[in-house]
Structures are given as C-alpha cells and as structure tokens.
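Below is run-v5.cif, holding mmCIF, C-alpha atoms, pLDDT in the B column; chains and numbers go by the auth columns.
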data_protein
#
loop_
_atom_site.group_PDB
_atom_site.id
_atom_site.type_symbol
_atom_site.label_atom_id
_atom_site.label_comp_id
_atom_site.label_asym_id
_atom_site.label_seq_id
_atom_site.Cartn_x
_atom_site.Cartn_y
_atom_site.Cartn_z
_atom_site.B_iso_or_equiv
_atom_site.auth_seq_id
_atom_site.auth_asym_id
ATOM 1 C CA LYS A 1 -30.321 -48.611 -28.620 81.00 1 A
ATOM 2 C CA ARG A 2 -30.761 -45.208 -26.966 86.00 2 A
ATOM 3 C CA THR A 3 -30.559 -46.659 -23.469 91.00 3 A
ATOM 4 C CA HIS A 4 -28.344 -49.729 -23.865 91.00 4 A
ATOM 5 C CA GLU A 5 -24.780 -50.243 -24.977 93.00 5 A
ATOM 6 C CA LYS A 6 -25.628 -53.326 -27.053 94.00 6 A
ATOM 7 C CA VAL A 7 -28.781 -54.690 -28.615 95.00 7 A
ATOM 8 C CA VAL A 8 -28.868 -58.372 -29.501 97.00 8 A
ATOM 9 C CA LEU A 9 -31.956 -59.979 -31.009 97.00 9 A
ATOM 10 C CA ILE A 10 -32.473 -63.652 -30.220 98.00 10 A
ATOM 11 C CA GLY A 11 -35.430 -65.441 -31.753 98.00 11 A
ATOM 12 C CA HIS A 12 -36.609 -69.027 -31.807 97.00 12 A
ATOM 13 C CA SER A 13 -38.865 -70.340 -34.591 96.00 13 A
ATOM 14 C CA MET A 14 -41.333 -67.575 -35.498 95.00 14 A
ATOM 15 C CA GLY A 15 -39.323 -65.338 -33.148 97.00 15 A
ATOM 16 C CA GLY A 16 -36.376 -65.894 -35.502 98.00 16 A
ATOM 17 C CA THR A 17 -38.538 -64.771 -38.397 98.00 17 A
ATOM 18 C CA LEU A 18 -39.622 -61.641 -36.528 98.00 18 A
ATOM 19 C CA SER A 19 -36.040 -60.950 -35.393 98.00 19 A
ATOM 20 C CA THR A 20 -34.834 -61.186 -38.995 98.00 20 A
ATOM 21 C CA ILE A 21 -37.440 -58.669 -40.127 98.00 21 A
ATOM 22 C CA SER A 22 -36.678 -56.373 -37.168 98.00 22 A
ATOM 23 C CA ALA A 23 -32.913 -56.499 -37.766 98.00 23 A
ATOM 24 C CA SER A 24 -33.511 -55.361 -41.329 97.00 24 A
ATOM 25 C CA HIS A 25 -35.267 -52.214 -40.087 96.00 25 A
ATOM 26 C CA GLU A 26 -33.362 -51.342 -36.916 94.00 26 A
ATOM 27 C CA THR A 27 -29.674 -51.184 -36.061 93.00 27 A
ATOM 28 C CA VAL A 28 -28.744 -54.111 -33.828 96.00 28 A
ATOM 29 C CA ASP A 29 -25.347 -55.395 -32.721 97.00 29 A
ATOM 30 C CA ARG A 30 -26.053 -59.075 -33.269 98.00 30 A
ATOM 31 C CA LEU A 31 -28.772 -61.356 -34.539 98.00 31 A
ATOM 32 C CA ILE A 32 -29.098 -64.879 -33.137 98.00 32 A
ATOM 33 C CA LEU A 33 -31.478 -67.166 -34.988 98.00 33 A
ATOM 34 C CA CYS A 34 -32.456 -70.367 -33.198 98.00 34 A
ATOM 35 C CA ALA A 35 -34.337 -72.829 -35.421 98.00 35 A
ATOM 36 C CA PRO A 36 -35.841 -69.867 -37.295 98.00 36 A
ATOM 37 C CA TYR A 37 -38.964 -70.344 -39.368 97.00 37 A
ATOM 38 C CA PHE A 38 -38.559 -69.631 -43.080 97.00 38 A
ATOM 39 C CA GLY A 39 -40.527 -72.647 -44.273 94.00 39 A
ATOM 40 C CA VAL A 40 -42.066 -75.885 -43.034 92.00 40 A
ATOM 41 C CA THR A 41 -40.100 -79.116 -43.131 92.00 41 A
ATOM 42 C CA TYR A 42 -41.973 -81.327 -45.574 86.00 42 A
ATOM 43 C CA ASN A 43 -42.949 -84.804 -44.440 83.00 43 A
ATOM 44 C CA LYS A 44 -44.346 -87.446 -46.825 85.00 44 A
ATOM 45 C CA ARG A 45 -47.109 -88.346 -44.379 82.00 45 A
ATOM 46 C CA TYR A 46 -48.607 -84.870 -44.946 83.00 46 A
ATOM 47 C CA ILE A 47 -49.290 -85.893 -48.577 87.00 47 A
ATOM 48 C CA LEU A 48 -49.622 -82.215 -49.518 84.00 48 A
ATOM 49 C CA LYS A 49 -47.515 -79.324 -48.231 85.00 49 A
ATOM 50 C CA PRO A 50 -48.849 -77.885 -44.934 84.00 50 A
ATOM 51 C CA GLU A 51 -49.270 -74.541 -46.719 86.00 51 A
ATOM 52 C CA THR A 52 -51.600 -76.231 -49.222 87.00 52 A
ATOM 53 C CA TRP A 53 -53.652 -77.831 -46.438 86.00 53 A
ATOM 54 C CA THR A 54 -53.917 -74.430 -44.776 86.00 54 A
ATOM 55 C CA ASP A 55 -55.159 -72.825 -47.990 87.00 55 A
ATOM 56 C CA ILE A 56 -57.700 -75.630 -48.512 88.00 56 A
ATOM 57 C CA GLY A 57 -58.997 -75.481 -44.944 86.00 57 A
ATOM 58 C CA ASN A 58 -58.894 -71.725 -44.480 84.00 58 A
ATOM 59 C CA PRO A 59 -62.430 -70.954 -45.741 87.00 59 A
ATOM 60 C CA PHE A 60 -64.169 -73.296 -43.287 89.00 60 A
ATOM 61 C CA ILE A 61 -61.708 -74.341 -40.532 89.00 61 A
ATOM 62 C CA ARG A 62 -61.027 -71.774 -37.806 90.00 62 A
ATOM 63 C CA TRP A 63 -58.722 -73.752 -35.484 89.00 63 A
ATOM 64 C CA VAL A 64 -56.214 -76.588 -35.921 86.00 64 A
ATOM 65 C CA TYR A 65 -55.415 -79.060 -33.148 88.00 65 A
ATOM 66 C CA LYS A 66 -51.661 -79.424 -32.616 81.00 66 A
ATOM 67 C CA GLY A 67 -51.519 -81.667 -29.600 77.00 67 A
ATOM 68 C CA ASP A 68 -48.312 -83.201 -28.265 77.00 68 A
ATOM 69 C CA SER A 69 -47.148 -84.489 -31.633 75.00 69 A
ATOM 70 C CA PHE A 70 -46.085 -80.969 -32.593 80.00 70 A
ATOM 71 C CA VAL A 71 -43.907 -80.501 -29.518 87.00 71 A
ATOM 72 C CA MET A 72 -40.838 -81.522 -31.460 89.00 72 A
ATOM 73 C CA VAL A 73 -38.173 -82.556 -28.989 91.00 73 A
ATOM 74 C CA ASN A 74 -36.145 -85.769 -28.848 94.00 74 A
ATOM 75 C CA ARG A 75 -35.902 -85.788 -25.036 93.00 75 A
ATOM 76 C CA PRO A 76 -39.192 -87.388 -23.962 89.00 76 A
ATOM 77 C CA GLU A 77 -38.692 -86.489 -20.294 92.00 77 A
ATOM 78 C CA VAL A 78 -38.982 -82.749 -21.046 91.00 78 A
ATOM 79 C CA LYS A 79 -41.891 -82.872 -23.477 88.00 79 A
ATOM 80 C CA ASN A 80 -44.522 -82.218 -20.806 86.00 80 A
ATOM 81 C CA ARG A 81 -42.560 -79.218 -19.467 88.00 81 A
ATOM 82 C CA ILE A 82 -42.629 -77.318 -22.776 87.00 82 A
ATOM 83 C CA VAL A 83 -45.461 -74.829 -22.910 83.00 83 A
ATOM 84 C CA SER A 84 -47.057 -75.040 -26.333 80.00 84 A
ATOM 85 C CA TYR A 85 -50.388 -74.158 -27.844 79.00 85 A
ATOM 86 C CA ARG A 86 -52.650 -77.175 -28.285 82.00 86 A
ATOM 87 C CA TRP A 87 -55.027 -75.350 -30.610 89.00 87 A
ATOM 88 C CA VAL A 88 -53.917 -72.755 -33.140 87.00 88 A
ATOM 89 C CA PRO A 89 -56.124 -70.376 -35.129 91.00 89 A
ATOM 90 C CA ILE A 90 -55.725 -71.046 -38.842 89.00 90 A
ATOM 91 C CA LYS A 91 -55.283 -67.290 -39.317 90.00 91 A
ATOM 92 C CA ALA A 92 -52.183 -67.505 -37.099 90.00 92 A
ATOM 93 C CA ILE A 93 -50.772 -70.269 -39.294 90.00 93 A
ATOM 94 C CA LYS A 94 -51.390 -68.150 -42.382 92.00 94 A
ATOM 95 C CA THR A 95 -49.665 -65.231 -40.649 93.00 95 A
ATOM 96 C CA LEU A 96 -46.667 -67.463 -39.904 93.00 96 A
ATOM 97 C CA TYR A 97 -46.416 -68.439 -43.579 94.00 97 A
ATOM 98 C CA GLU A 98 -46.719 -64.803 -44.676 95.00 98 A
ATOM 99 C CA LEU A 99 -44.022 -63.679 -42.226 96.00 99 A
ATOM 100 C CA GLY A 100 -41.727 -66.490 -43.414 96.00 100 A
ATOM 101 C CA GLU A 101 -42.156 -65.307 -46.995 96.00 101 A
ATOM 102 C CA ARG A 102 -41.604 -61.680 -46.031 97.00 102 A
ATOM 103 C CA ALA A 103 -38.432 -62.489 -44.049 97.00 103 A
ATOM 104 C CA GLN A 104 -36.835 -64.111 -47.081 96.00 104 A
ATOM 105 C CA SER A 105 -37.447 -61.222 -49.460 97.00 105 A
ATOM 106 C CA PRO A 106 -34.323 -59.678 -51.016 97.00 106 A
ATOM 107 C CA GLU A 107 -35.069 -56.302 -49.372 97.00 107 A
ATOM 108 C CA ILE A 108 -34.994 -57.904 -45.911 98.00 108 A
ATOM 109 C CA LEU A 109 -31.971 -60.150 -46.513 98.00 109 A
ATOM 110 C CA ASP A 110 -29.948 -57.345 -48.135 98.00 110 A
ATOM 111 C CA ALA A 111 -30.559 -55.155 -45.084 98.00 111 A
ATOM 112 C CA ILE A 112 -29.117 -57.700 -42.597 97.00 112 A
ATOM 113 C CA ASN A 113 -25.610 -56.338 -42.043 95.00 113 A
ATOM 114 C CA CYS A 114 -24.961 -57.149 -38.375 97.00 114 A
ATOM 115 C CA PRO A 115 -23.169 -60.324 -37.244 98.00 115 A
ATOM 116 C CA VAL A 116 -25.528 -63.321 -37.426 98.00 116 A
ATOM 117 C CA LEU A 117 -25.384 -66.602 -35.525 98.00 117 A
ATOM 118 C CA LEU A 118 -27.624 -69.408 -36.755 98.00 118 A
ATOM 119 C CA ILE A 119 -28.317 -72.451 -34.574 98.00 119 A
ATOM 120 C CA GLN A 120 -30.509 -75.184 -36.014 98.00 120 A
ATOM 121 C CA SER A 121 -30.818 -78.930 -36.085 98.00 121 A
ATOM 122 C CA GLN A 122 -30.155 -80.889 -39.251 97.00 122 A
ATOM 123 C CA ILE A 123 -33.222 -82.977 -38.328 97.00 123 A
ATOM 124 C CA ASP A 124 -35.631 -80.163 -37.384 97.00 124 A
ATOM 125 C CA GLU A 125 -39.107 -81.477 -38.174 94.00 125 A
ATOM 126 C CA ALA A 126 -40.809 -78.071 -37.969 93.00 126 A
ATOM 127 C CA SER A 127 -38.580 -75.393 -39.531 96.00 127 A
ATOM 128 C CA SER A 128 -36.997 -76.569 -42.746 96.00 128 A
ATOM 129 C CA PRO A 129 -33.199 -76.860 -42.387 97.00 129 A
ATOM 130 C CA GLU A 130 -32.834 -76.685 -46.179 97.00 130 A
ATOM 131 C CA LYS A 131 -34.850 -73.468 -46.411 96.00 131 A
ATOM 132 C CA THR A 132 -32.971 -71.959 -43.473 97.00 132 A
ATOM 133 C CA ARG A 133 -29.594 -72.823 -45.014 97.00 133 A
ATOM 134 C CA ASP A 134 -30.643 -71.126 -48.258 97.00 134 A
ATOM 135 C CA ILE A 135 -31.925 -67.976 -46.522 97.00 135 A
ATOM 136 C CA PHE A 136 -28.867 -67.767 -44.254 98.00 136 A
ATOM 137 C CA GLN A 137 -26.573 -67.825 -47.303 97.00 137 A
ATOM 138 C CA LYS A 138 -28.547 -64.970 -48.865 97.00 138 A
ATOM 139 C CA MET A 139 -28.209 -62.657 -45.838 97.00 139 A
ATOM 140 C CA LYS A 140 -25.917 -59.747 -46.674 96.00 140 A
ATOM 141 C CA SER A 141 -23.950 -59.824 -43.415 97.00 141 A
ATOM 142 C CA GLY A 142 -20.245 -60.444 -43.855 96.00 142 A
ATOM 143 C CA ASP A 143 -20.035 -61.993 -40.387 98.00 143 A
ATOM 144 C CA LYS A 144 -22.180 -65.126 -40.339 98.00 144 A
ATOM 145 C CA GLN A 145 -21.626 -68.177 -38.179 98.00 145 A
ATOM 146 C CA SER A 146 -23.695 -71.323 -37.949 98.00 146 A
ATOM 147 C CA MET A 147 -23.977 -74.234 -35.581 98.00 147 A
ATOM 148 C CA TRP A 148 -25.763 -77.279 -36.942 98.00 148 A
ATOM 149 C CA LEU A 149 -27.055 -79.711 -34.331 98.00 149 A
ATOM 150 C CA GLU A 150 -27.132 -83.449 -34.995 97.00 150 A
ATOM 151 C CA THR A 151 -29.492 -84.986 -32.423 97.00 151 A
ATOM 152 C CA SER A 152 -31.949 -82.269 -31.411 97.00 152 A
ATOM 153 C CA ASN A 153 -35.265 -81.464 -33.004 96.00 153 A
ATOM 154 C CA HIS A 154 -37.049 -78.099 -33.227 96.00 154 A
ATOM 155 C CA HIS A 155 -37.175 -77.175 -29.524 96.00 155 A
ATOM 156 C CA ILE A 156 -33.396 -76.786 -29.274 97.00 156 A
ATOM 157 C CA PHE A 157 -33.416 -75.054 -25.887 97.00 157 A
ATOM 158 C CA TRP A 158 -34.971 -78.183 -24.348 95.00 158 A
ATOM 159 C CA ASP A 159 -33.446 -80.927 -26.432 97.00 159 A
ATOM 160 C CA LEU A 160 -30.400 -83.192 -26.306 97.00 160 A
ATOM 161 C CA GLU A 161 -27.884 -80.474 -27.227 98.00 161 A
ATOM 162 C CA SER A 162 -29.377 -77.665 -25.127 97.00 162 A
ATOM 163 C CA ASP A 163 -26.163 -77.190 -23.122 97.00 163 A
ATOM 164 C CA ARG A 164 -24.194 -76.664 -26.350 97.00 164 A
ATOM 165 C CA VAL A 165 -26.853 -74.226 -27.593 98.00 165 A
ATOM 166 C CA MET A 166 -26.783 -72.150 -24.427 98.00 166 A
ATOM 167 C CA SER A 167 -22.979 -72.140 -24.261 98.00 167 A
ATOM 168 C CA ARG A 168 -22.689 -71.013 -27.892 98.00 168 A
ATOM 169 C CA ILE A 169 -25.149 -68.158 -27.332 97.00 169 A
ATOM 170 C CA GLU A 170 -23.401 -67.062 -24.126 96.00 170 A
ATOM 171 C CA HIS A 171 -20.018 -66.939 -25.866 94.00 171 A
ATOM 172 C CA TYR A 172 -21.201 -65.172 -29.014 93.00 172 A
#

Please express the file's structure as structure tokens.
Amino acid sequence: KRTHEKVVLIGHSMGGTLSTISASHETVDRLILCAPYFGVTYNKRYILKPETWTDIGNPFIRWVYKGDSFVMVNRPEVKNRIVSYRWVPIKAIKTLYELGERAQSPEILDAINCPVLLIQSQIDEASSPEKTRDIFQKMKSGDKQSMWLETSNHHIFWDLESDRVMSRIEHY
C-alpha cells in the first residue's frame, strides 16, 4: 500500500481463504475470491465428512494420495495441464481445515469492509458452494458482488467458463 496506488487481493481456493484473512488485517482496495475454501463439498461416496477421515487418519497416516481425480475441472483436454499436488501431507489438510474455520470467524468477517467479488461454481466439487454463500453473506462489506458459474467445477480459471471469469476480474 505504501508503494502502490491500489492493492487488490485475488485468491483461488485456499488462496481465497488466506486473502480473506489478510483483508481483515490489512487495508486493501478490493478482494476477489475465486472458488474460495471455507468448507469441503460433501459427497455421499465419502461416507463420512473428509474432515472426519482426516481426524481418524491423522495419528498414523502422514500423506494422502490425491491423484487426477482431485483435479476438478469439466474440460478434460486441460486436466493434464493443471499443476496439482499428487500427494498431500495430512498436516497440510488439517491446516487447510483450520484456516477455513478461522476465515469464517465473526472477527474476520466483520473486518472485511472493502468491495468483494465472489466467483464460484454452483457445482464446485471441492469448495462447498453452500458454505461459501453463507460466509459471503456474513462479510461486513457493503459492496459485495457475486458471479455464480453453471458449468465449471473447482478449477475455474481452466474450466468451461474461464473466459467469463477472466473478463469479470478484469472489469472489476
């Protein structure tokens, strides 16, 4: 802020979580949240919530294999171009969950007073759209805009509506 006219935070997934926390502590001109992580999208095939599996496995599992199934994009031709971790330390997953909880605390949400743009897919299989909608409504900012995608998945910068995403960010 000392050396630039404007400061805009843009974060995708966990970056959205970190940007939310940062914007609550520092003065920024805009906050752009792209498929931010505030909670995992539940899927029946998990049987239990992913957070529960993480708690169960934490004492004796150090790494979790993600593989290609967790590169959540509906454009198959770009899937192999997305750089993604194949193995993730379970401590990193726990950190993600803790940051998601922290970012939705009233102290954080009450401190968000800059304009906020939210871009997320209605069918995001990683970051819960329902949780994000709830957290977005609780942010104190009086200038909040959202763009809900219909055909993309979690990796919105690579997916079917990526041109719309980029255009919306550029014109915000």

Could you please determine the separation between CA of Met72 in chain A and CA of Asn58 in chain A in Å, to one decimal place?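 Distance reported for this atom pair: 24.3 Å.
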
Pick out the residues sitting within 9 Å of range 106-116 of chain A, and hand them over as a PyMOL selection string; count all atoms listed in the file, and ignore anything fewer than 3 positions along from it in its own chain. chain A and resi 20-21+23-25+27-33+102-103+135-136+138-146

Of the candidates A:Ile82, A:Gly39, A:Val71, A:Glu130, which one gets nearest to Gly16 in chain A if we count all atoms listed in the file?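 Selected residue with least distance to Gly16 in chain A: A:Gly39.
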
Atom-to-atom span, CA of Arg62 in chain A and CA of Lys79 in chain A, Å: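 About the pair CA of Arg62 in chain A and CA of Lys79 in chain A: they are 26.4 Å apart.
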
Evaluating the PyMOL selection byres ((chain A and resi 158) around 10) on the displayed file yields which residues, as a list in words?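 Against this file, the PyMOL selection byres ((chain A and resi 158) around 10) returns the residues Met72, Val73, Asn74, Arg75, Glu77, Val78, Lys79, Arg81, Ile82, Ser152, Asn153, His154, His155, Ile156, Phe157, Asp159, Leu160, Glu161, Ser162, Asp163 and Val165 of chain A.
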
Selected residue, from A:Ile93, A:Val8, A:Ile123, A:Cys34, that lies nearest to Arg168 in chain A when counting all atoms listed in the file: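 Selected residue with least distance to Arg168 in chain A: A:Cys34.
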
Would you mind listing what lies within 8 Å of Val88 in chain A as JSON, numbers by chain, with only C-alpha atoms counted and same-chain residues fewer than 3 positions away left out? {"A": [63, 64, 65, 66, 85, 92, 93]}

Pick the closest to Ala126 in chain A from A:Thr95, A:His171, A:Tyr42, A:Ile56: which is it, counting only C-alpha atoms?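 Under the stated criterion, the closest residue is A:Tyr42.
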
Range 44-52 of chain A: which residues within 9 Å, counting all atoms listed in the file, same-chain residues fewer than 5 positions away excluded, as a list in words? Gly57, Ile93, Lys94 and Tyr97 of chain A

Please fill the gaps in range 62-83 of chain A so it has N, CA and C atoms, and write that as a tab-separated table (two decimals), in the frame of the given file.
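Written file, rebuild.tsv:
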chain	number	residue	atom	x	y	z
A	62	ARG	N	-61.53	-72.93	-38.55
A	62	ARG	CA	-61.03	-71.77	-37.81
A	62	ARG	C	-59.85	-72.11	-36.91
A	63	TRP	N	-59.77	-73.34	-36.41
A	63	TRP	CA	-58.72	-73.75	-35.48
A	63	TRP	C	-58.15	-75.09	-35.92
A	64	VAL	N	-56.87	-75.32	-35.63
A	64	VAL	CA	-56.21	-76.59	-35.92
A	64	VAL	C	-55.67	-77.13	-34.60
A	65	TYR	N	-55.93	-78.42	-34.36
A	65	TYR	CA	-55.42	-79.06	-33.15
A	65	TYR	C	-53.98	-79.51	-33.37
A	66	LYS	N	-53.07	-79.05	-32.53
A	66	LYS	CA	-51.66	-79.42	-32.62
A	66	LYS	C	-51.34	-80.62	-31.74
A	67	GLY	N	-51.80	-80.58	-30.53
A	67	GLY	CA	-51.52	-81.67	-29.60
A	67	GLY	C	-50.04	-81.84	-29.31
A	68	ASP	N	-49.70	-82.93	-28.66
A	68	ASP	CA	-48.31	-83.20	-28.26
A	68	ASP	C	-47.41	-83.57	-29.43
A	69	SER	N	-47.98	-84.05	-30.52
A	69	SER	CA	-47.15	-84.49	-31.63
A	69	SER	C	-46.37	-83.34	-32.27
A	70	PHE	N	-46.79	-82.12	-32.03
A	70	PHE	CA	-46.08	-80.97	-32.59
A	70	PHE	C	-45.14	-80.30	-31.60
A	71	VAL	N	-44.97	-80.92	-30.43
A	71	VAL	CA	-43.91	-80.50	-29.52
A	71	VAL	C	-42.71	-81.35	-29.93
A	72	MET	N	-41.89	-80.77	-30.77
A	72	MET	CA	-40.84	-81.52	-31.46
A	72	MET	C	-39.52	-81.46	-30.70
A	73	VAL	N	-39.36	-82.44	-29.82
A	73	VAL	CA	-38.17	-82.56	-28.99
A	73	VAL	C	-37.85	-84.04	-28.88
A	74	ASN	N	-36.57	-84.37	-28.90
A	74	ASN	CA	-36.15	-85.77	-28.85
A	74	ASN	C	-35.85	-86.26	-27.43
A	75	ARG	N	-36.04	-85.40	-26.45
A	75	ARG	CA	-35.90	-85.79	-25.04
A	75	ARG	C	-37.30	-85.97	-24.45
A	76	PRO	N	-37.81	-87.18	-24.41
A	76	PRO	CA	-39.19	-87.39	-23.96
A	76	PRO	C	-39.47	-86.88	-22.55
A	77	GLU	N	-38.46	-86.90	-21.69
A	77	GLU	CA	-38.69	-86.49	-20.29
A	77	GLU	C	-38.98	-85.00	-20.14
A	78	VAL	N	-38.71	-84.19	-21.16
A	78	VAL	CA	-38.98	-82.75	-21.05
A	78	VAL	C	-40.23	-82.32	-21.82
A	79	LYS	N	-40.77	-83.23	-22.60
A	79	LYS	CA	-41.89	-82.87	-23.48
A	79	LYS	C	-43.06	-82.24	-22.72
A	80	ASN	N	-43.39	-82.76	-21.57
A	80	ASN	CA	-44.52	-82.22	-20.81
A	80	ASN	C	-44.20	-80.91	-20.09
A	81	ARG	N	-42.93	-80.49	-20.10
A	81	ARG	CA	-42.56	-79.22	-19.47
A	81	ARG	C	-42.53	-78.06	-20.47
A	82	ILE	N	-42.67	-78.35	-21.75
A	82	ILE	CA	-42.63	-77.32	-22.78
A	82	ILE	C	-44.03	-76.76	-22.96
A	83	VAL	N	-44.17	-75.48	-22.74
A	83	VAL	CA	-45.46	-74.83	-22.91
A	83	VAL	C	-45.67	-74.61	-24.41
